[in-house]
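Text of the file run-v1.cif, holding mmCIF, C-alpha atoms and all ligand atoms:
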data_entry
#
loop_
_atom_site.label_atom_id
_atom_site.label_comp_id
_atom_site.auth_asym_id
_atom_site.auth_seq_id
_atom_site.Cartn_x
_atom_site.Cartn_y
_atom_site.Cartn_z
CA MET A 1200 3.94 14.29 -10.64
CA GLN A 1201 0.48 15.40 -9.49
CA VAL A 1202 0.08 17.42 -6.31
CA ILE A 1203 -2.11 15.30 -4.01
CA LEU A 1204 -2.57 14.47 -0.35
CA MET A 1205 -0.64 11.56 1.13
CA LYS A 1206 -2.83 8.47 1.27
CA PHE A 1207 -2.81 5.49 3.62
CA PHE A 1208 -3.60 2.07 2.23
CA LEU A 1209 -3.90 -0.96 4.50
CA ASP A 1210 -1.61 -3.83 3.50
CA THR A 1211 -3.80 -6.77 4.48
CA ALA A 1212 -6.67 -9.06 3.49
CA ASP A 1213 -7.93 -9.16 7.09
CA VAL A 1214 -11.45 -7.75 6.86
CA ALA A 1215 -11.80 -7.11 10.61
CA GLN A 1216 -8.67 -4.91 10.58
CA ILE A 1217 -9.84 -3.08 7.46
CA LYS A 1218 -13.21 -2.35 9.11
CA LEU A 1219 -11.47 -1.12 12.28
CA TYR A 1220 -9.18 1.38 10.55
CA ALA A 1221 -11.82 2.35 7.97
CA SER A 1222 -14.12 3.34 10.86
CA MET A 1223 -11.50 5.97 11.80
CA GLY A 1224 -11.36 7.26 8.22
CA PHE A 1225 -7.77 6.09 7.69
CA VAL A 1226 -8.18 3.61 4.86
CA ASP A 1227 -7.87 5.27 1.45
CA GLY A 1228 -7.28 1.90 -0.20
CA VAL A 1229 -6.08 -1.67 0.38
CA THR A 1230 -3.23 -3.72 -1.04
CA THR A 1231 -3.24 -7.51 -1.08
CA ASN A 1232 -0.86 -10.12 -2.43
CA PRO A 1233 -1.06 -13.94 -2.60
CA THR A 1234 0.68 -14.24 0.80
CA LEU A 1235 -1.85 -11.93 2.47
CA ILE A 1236 -4.79 -13.71 0.80
CA ARG A 1237 -3.41 -17.04 2.01
CA LYS A 1238 -3.02 -15.62 5.53
CA SER A 1239 -6.71 -14.59 5.51
CA GLY A 1240 -7.64 -18.27 5.07
CA ARG A 1241 -10.33 -17.25 2.55
CA LYS A 1242 -10.91 -17.59 -1.19
CA GLN A 1243 -9.42 -14.63 -3.08
CA ARG A 1244 -12.58 -13.57 -4.92
CA GLU A 1245 -14.79 -13.76 -1.85
CA VAL A 1246 -12.44 -11.71 0.34
CA VAL A 1247 -11.65 -9.13 -2.39
CA GLU A 1248 -15.36 -8.56 -3.09
CA GLU A 1249 -15.97 -8.01 0.62
CA ILE A 1250 -13.03 -5.58 0.90
CA CYS A 1251 -14.25 -3.65 -2.15
CA LYS A 1252 -17.62 -3.13 -0.45
CA ILE A 1253 -15.97 -1.74 2.71
CA VAL A 1254 -13.36 0.44 1.00
CA LYS A 1255 -14.34 2.72 -1.86
CA GLY A 1256 -10.72 3.49 -2.80
CA PRO A 1257 -8.37 1.28 -4.85
CA VAL A 1258 -7.96 -2.37 -3.84
CA SER A 1259 -4.89 -4.06 -5.36
CA VAL A 1260 -5.09 -7.71 -6.36
CA GLU A 1261 -2.07 -9.57 -7.76
CA GLY A 1262 -2.06 -10.93 -11.32
CA ILE A 1263 -0.18 -14.21 -11.61
CA GLY A 1264 1.73 -15.55 -14.59
CA ASN A 1265 4.90 -15.23 -16.60
CA SER A 1266 3.41 -13.89 -19.81
CA ALA A 1267 1.56 -10.61 -20.33
CA GLU A 1268 -1.42 -12.57 -21.64
CA GLU A 1269 -1.70 -14.62 -18.42
CA ILE A 1270 -1.46 -11.51 -16.22
CA VAL A 1271 -4.00 -9.65 -18.38
CA LYS A 1272 -6.40 -12.61 -18.21
CA ASP A 1273 -6.28 -12.47 -14.40
CA GLY A 1274 -6.54 -8.68 -14.47
CA ILE A 1275 -9.66 -8.67 -16.63
CA GLU A 1276 -11.29 -11.18 -14.30
CA TYR A 1277 -10.37 -9.23 -11.13
CA ALA A 1278 -11.61 -5.97 -12.65
CA SER A 1279 -15.01 -7.63 -13.21
CA TRP A 1280 -15.35 -8.25 -9.44
CA ALA A 1281 -15.56 -4.57 -8.48
CA LYS A 1282 -14.85 -1.23 -10.12
CA ASN A 1283 -12.22 -0.21 -7.54
CA VAL A 1284 -9.96 -3.21 -8.23
CA VAL A 1285 -6.39 -2.35 -9.27
CA VAL A 1286 -4.33 -5.12 -10.86
CA LYS A 1287 -0.91 -5.77 -9.36
CA VAL A 1288 1.59 -6.59 -12.08
CA PRO A 1289 5.09 -7.94 -11.41
CA MET A 1290 8.03 -5.79 -12.53
CA THR A 1291 9.15 -7.77 -15.56
CA LEU A 1292 9.21 -6.88 -19.26
CA GLU A 1293 6.16 -9.11 -19.74
CA GLY A 1294 4.60 -7.27 -16.81
CA MET A 1295 5.21 -3.97 -18.60
CA ARG A 1296 3.47 -5.34 -21.67
CA ALA A 1297 0.57 -6.34 -19.42
CA VAL A 1298 0.43 -2.78 -17.99
CA LYS A 1299 0.04 -1.39 -21.51
CA MET A 1300 -2.67 -3.92 -22.38
CA LEU A 1301 -4.61 -3.41 -19.13
CA SER A 1302 -4.35 0.40 -19.39
CA ALA A 1303 -5.75 0.21 -22.94
CA LYS A 1304 -8.80 -1.51 -21.42
CA GLY A 1305 -9.12 1.22 -18.76
CA ILE A 1306 -7.92 -1.10 -15.96
CA LYS A 1307 -5.67 0.46 -13.33
CA THR A 1308 -2.33 -1.17 -12.49
CA ASN A 1309 0.10 -1.34 -9.59
CA VAL A 1310 3.59 -2.48 -10.60
CA THR A 1311 4.90 -4.55 -7.74
CA LEU A 1312 8.19 -6.06 -6.56
CA VAL A 1313 10.10 -2.92 -7.53
CA PHE A 1314 13.61 -2.67 -6.11
CA SER A 1315 15.45 -0.10 -8.26
CA PRO A 1316 14.92 3.40 -9.66
CA VAL A 1317 15.17 2.23 -13.28
CA GLN A 1318 12.47 -0.37 -12.69
CA ALA A 1319 10.27 2.46 -11.38
CA LEU A 1320 11.14 4.57 -14.42
CA LEU A 1321 10.05 1.76 -16.75
CA ALA A 1322 6.81 1.28 -14.82
CA ALA A 1323 6.00 4.98 -15.19
CA LYS A 1324 6.91 4.97 -18.90
CA ALA A 1325 4.63 1.95 -19.39
CA GLY A 1326 1.79 3.97 -17.83
CA ALA A 1327 1.34 2.24 -14.46
CA THR A 1328 -1.15 3.87 -12.09
CA TYR A 1329 1.00 2.98 -9.06
CA VAL A 1330 4.54 1.75 -8.51
CA SER A 1331 5.27 -0.32 -5.39
CA PRO A 1332 8.90 -0.26 -4.18
CA PHE A 1333 9.36 -2.81 -1.35
CA VAL A 1334 11.33 -0.85 1.23
CA GLY A 1335 11.44 -3.41 4.06
CA ARG A 1336 12.76 -6.17 1.82
CA LEU A 1337 15.57 -3.85 0.65
CA ASP A 1338 16.44 -3.03 4.28
CA ASP A 1339 16.49 -6.80 4.92
CA VAL A 1340 19.39 -7.19 2.47
CA SER A 1341 21.39 -4.18 3.80
CA GLU A 1342 20.13 -1.73 1.19
CA ASP A 1343 18.36 1.54 1.96
CA GLY A 1344 14.68 1.15 1.07
CA MET A 1345 13.72 4.72 1.85
CA ALA A 1346 16.62 6.10 -0.22
CA LEU A 1347 15.01 4.34 -3.19
CA ILE A 1348 11.74 6.15 -2.47
CA GLY A 1349 13.61 9.47 -2.54
CA GLN A 1350 15.15 8.61 -5.91
CA ILE A 1351 11.83 7.56 -7.45
CA VAL A 1352 9.97 10.65 -6.18
CA HIS A 1353 12.80 12.80 -7.58
CA ILE A 1354 12.72 11.10 -11.00
CA TYR A 1355 8.92 11.27 -11.25
CA LYS A 1356 8.99 14.98 -10.33
CA ASN A 1357 11.67 15.67 -12.98
CA TYR A 1358 9.43 14.35 -15.72
CA ASN A 1359 5.99 15.02 -14.24
CA PHE A 1360 4.93 11.36 -14.35
CA ALA A 1361 1.37 10.68 -13.23
CA THR A 1362 2.33 7.31 -11.69
CA GLU A 1363 1.89 7.39 -7.91
CA VAL A 1364 4.65 6.16 -5.60
CA LEU A 1365 3.17 3.55 -3.25
CA VAL A 1366 5.60 2.71 -0.45
CA ALA A 1367 5.22 -1.03 0.25
CA SER A 1368 6.80 -3.61 2.55
CA VAL A 1369 6.49 -1.11 5.39
CA ARG A 1370 7.82 -2.58 8.63
CA HIS A 1371 7.80 0.26 11.20
CA PRO A 1372 6.59 3.84 11.81
CA MET A 1373 9.85 5.43 10.60
CA HIS A 1374 9.13 4.08 7.12
CA VAL A 1375 5.86 6.05 7.28
CA VAL A 1376 7.57 9.20 8.58
CA ILE A 1377 10.22 9.16 5.84
CA ALA A 1378 7.60 8.36 3.18
CA ALA A 1379 5.70 11.50 4.23
CA LEU A 1380 8.85 13.63 4.40
CA THR A 1381 9.91 12.39 0.96
CA GLY A 1382 6.56 13.20 -0.61
CA ALA A 1383 5.47 9.68 -1.60
CA HIS A 1384 1.82 9.64 -2.65
CA VAL A 1385 0.78 6.51 -0.75
CA CYS A 1386 2.06 4.37 2.08
CA THR A 1387 0.57 0.89 2.41
CA VAL A 1388 0.76 -0.04 6.05
CA PRO A 1389 0.21 -3.46 7.67
CA PRO A 1390 -2.30 -3.33 10.58
CA GLU A 1391 0.39 -4.21 13.14
CA VAL A 1392 2.41 -1.13 12.09
CA PHE A 1393 -0.70 1.05 11.84
CA GLY A 1394 -1.44 0.28 15.48
CA LYS A 1395 1.93 1.78 16.42
CA LEU A 1396 1.41 5.07 14.57
CA ALA A 1397 -0.84 6.58 17.25
CA SER A 1398 1.29 5.44 20.20
CA HIS A 1399 3.81 7.38 22.22
CA PRO A 1400 4.93 6.47 25.76
CA LEU A 1401 4.65 10.13 26.86
CA THR A 1402 1.00 10.13 25.72
CA ASP A 1403 0.32 7.07 27.91
CA ILE A 1404 2.12 8.62 30.91
CA GLY A 1405 0.25 11.90 30.38
CA ILE A 1406 -3.18 10.19 30.23
CA GLU A 1407 -2.43 8.23 33.40
CA LYS A 1408 -1.28 11.34 35.31
CA PHE A 1409 -4.30 13.41 34.23
CA ALA A 1410 -6.66 10.59 35.25
CA GLU A 1411 -4.93 10.32 38.64
CA ASP A 1412 -5.06 14.10 39.24
CA TRP A 1413 -8.69 14.26 38.12
CA ALA A 1414 -9.67 11.50 40.56
CA ALA A 1415 -7.78 13.26 43.37
CA SER A 1416 -9.36 16.65 42.55
CA LEU A 1417 -12.84 15.10 42.81
CA LYS A 1418 -11.98 14.12 46.38
CA GLY A 1419 -10.71 17.68 46.99
CA LYS A 1420 -7.10 16.51 47.43
O1 LIG A 1501 2.01 -5.74 -0.37
C1 LIG A 1501 3.31 -6.09 -0.59
C2 LIG A 1501 4.29 -5.77 0.51
O2 LIG A 1501 3.84 -4.75 1.31
C3 LIG A 1501 4.88 -6.94 1.20
O3 LIG A 1501 5.48 -6.65 2.41
O4 LIG A 1501 6.48 -7.32 4.58
O5 LIG A 1501 6.00 -9.07 2.83
O6 LIG A 1501 7.85 -7.45 2.52
P1 LIG A 1501 6.51 -7.68 3.12
#

Can the structure in the file be given as structure tokens, please?
Amino acid sequence: MQVILMKFFLDTADVAQIKLYASMGFVDGVTTNPTLIRKSGRKQREVVEEICKIVKGPVSVEGIGNSAEEIVKDGIEYASWAKNVVVKVPMTLEGMRAVKMLSAKGIKTNVTLVFSPVQALLAAKAGATYVSPFVGRLDDVSEDGMALIGQIVHIYKNYNFATEVLVASVRHPMHVVIAALTGAHVCTVPPEVFGKLASHPLTDIGIEKFAEDWAASLKGK
């Protein structure tokens, strides 16, 4: 596993949100999926090309299909849209074949819908650039999503895999905290969760009190 800084990706296809957080220097990359593209109400190519102009880092776009050939066909097309496109590949055996084929063409991959440590091991062995374990969806079915992140980081460190662990399906700030404590390379955060990262009630109370005291001090009270 490479030693690198933790990165934040934004998990959205909402261009206004990407621009907002990019203006603060927080957006190292973007992840999309068909659901997020649909939510944007825009055509996939148009919105991805716009995102790729705003964000210089990796922008994941999902390849669709059951066979490696179908996924690779999508991947080759997406990669022609912008040079920072990363192709999301589903965690299936055909998907692993697609990872090999795309890597051979110099196209980066993000293996998605990962729910177990052995799936992550296969993705790394296949040469994926990123692996995306979906932590929130595991929590939804009474499993421990962040425990999976710990296992994957451990396995990748044992064997010095270059594949980066991209924590996905993030639902709340504690997912981000544990991702950082665990040493995951990337956390892809939806805008609604990102908004919560800077907040603390004691910060709000403190700002209000300082403003009140400042106003009073101006009046000499
Ligand atoms: O980008 C994929 C992932 O983050 C999806 O999250 O909330 O639909 O489980 P969610």

Name the residues in contact with region 1281-1283 of chain A at a cut-off of 9 Å, using all atoms listed in the file, excluding same-chain residues fewer than 2 positions from it; report them as a PDB file with C-alpha atoms, keeping the file's coordinate frame.
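So the final result, stored in selection_27.pdb, reads:
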ATOM      1  CA  VAL A1247     -11.650  -9.130  -2.390  1.00  0.00           C
ATOM      2  CA  GLU A1248     -15.360  -8.560  -3.090  1.00  0.00           C
ATOM      3  CA  CYS A1251     -14.250  -3.650  -2.150  1.00  0.00           C
ATOM      4  CA  LYS A1252     -17.620  -3.130  -0.450  1.00  0.00           C
ATOM      5  CA  VAL A1254     -13.360   0.440   1.000  1.00  0.00           C
ATOM      6  CA  LYS A1255     -14.340   2.720  -1.860  1.00  0.00           C
ATOM      7  CA  GLY A1256     -10.720   3.490  -2.800  1.00  0.00           C
ATOM      8  CA  PRO A1257      -8.370   1.280  -4.850  1.00  0.00           C
ATOM      9  CA  VAL A1258      -7.960  -2.370  -3.840  1.00  0.00           C
ATOM     10  CA  SER A1259      -4.890  -4.060  -5.360  1.00  0.00           C
ATOM     11  CA  TYR A1277     -10.370  -9.230 -11.130  1.00  0.00           C
ATOM     12  CA  ALA A1278     -11.610  -5.970 -12.650  1.00  0.00           C
ATOM     13  CA  SER A1279     -15.010  -7.630 -13.210  1.00  0.00           C
ATOM     14  CA  VAL A1285      -6.390  -2.350  -9.270  1.00  0.00           C
ATOM     15  CA  LYS A1307      -5.670   0.460 -13.330  1.00  0.00           C
TER      16      LYS A1307
END

Kindly assemble as a Markdown table a list of the chain A residues that lie within 6 Å of ligand LIG 1501 (chain A), each paired with its nearest atom pair and their distance in Å to one decimal, using all atoms listed in the file, sorted first by chain and then by ascending residue number.
| residue | atom | partner | partner_atom | distance |
| --- | --- | --- | --- | --- |
| A:Asp1210 | CA | A:LIG1501 | O1 | 5.6 |
| A:Thr1230 | CA | A:LIG1501 | O1 | 5.7 |
| A:Thr1231 | CA | A:LIG1501 | O1 | 5.6 |
| A:Asn1232 | CA | A:LIG1501 | O1 | 5.6 |
| A:Gly1335 | CA | A:LIG1501 | O6 | 5.6 |
| A:Arg1336 | CA | A:LIG1501 | O6 | 5.1 |
| A:Ala1367 | CA | A:LIG1501 | O2 | 4.1 |
| A:Ser1368 | CA | A:LIG1501 | O3 | 3.3 |

Report task. Pick out the closest residue to Leu1396 (chain A) from this set: A:Arg1244, A:Ile1306, A:Tyr1220, A:Thr1381. Count only C-alpha atoms. Result -> A:Tyr1220

Query - For Thr1387 (chain A), the nearest of the candidates A:Met1290, A:Val1366, A:Leu1401, A:Ala1215, counting all atoms listed in the file - result: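 Counting all atoms listed in the file, the residue closest to Thr1387 (chain A) is A:Val1366.
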
**Report entry** Computed interatomic separation between CA of Leu1417 (chain A) and CA of Ser1398 (chain A) (Å)
**Finding:**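 That distance, rounded to one decimal, is 28.4 Å.
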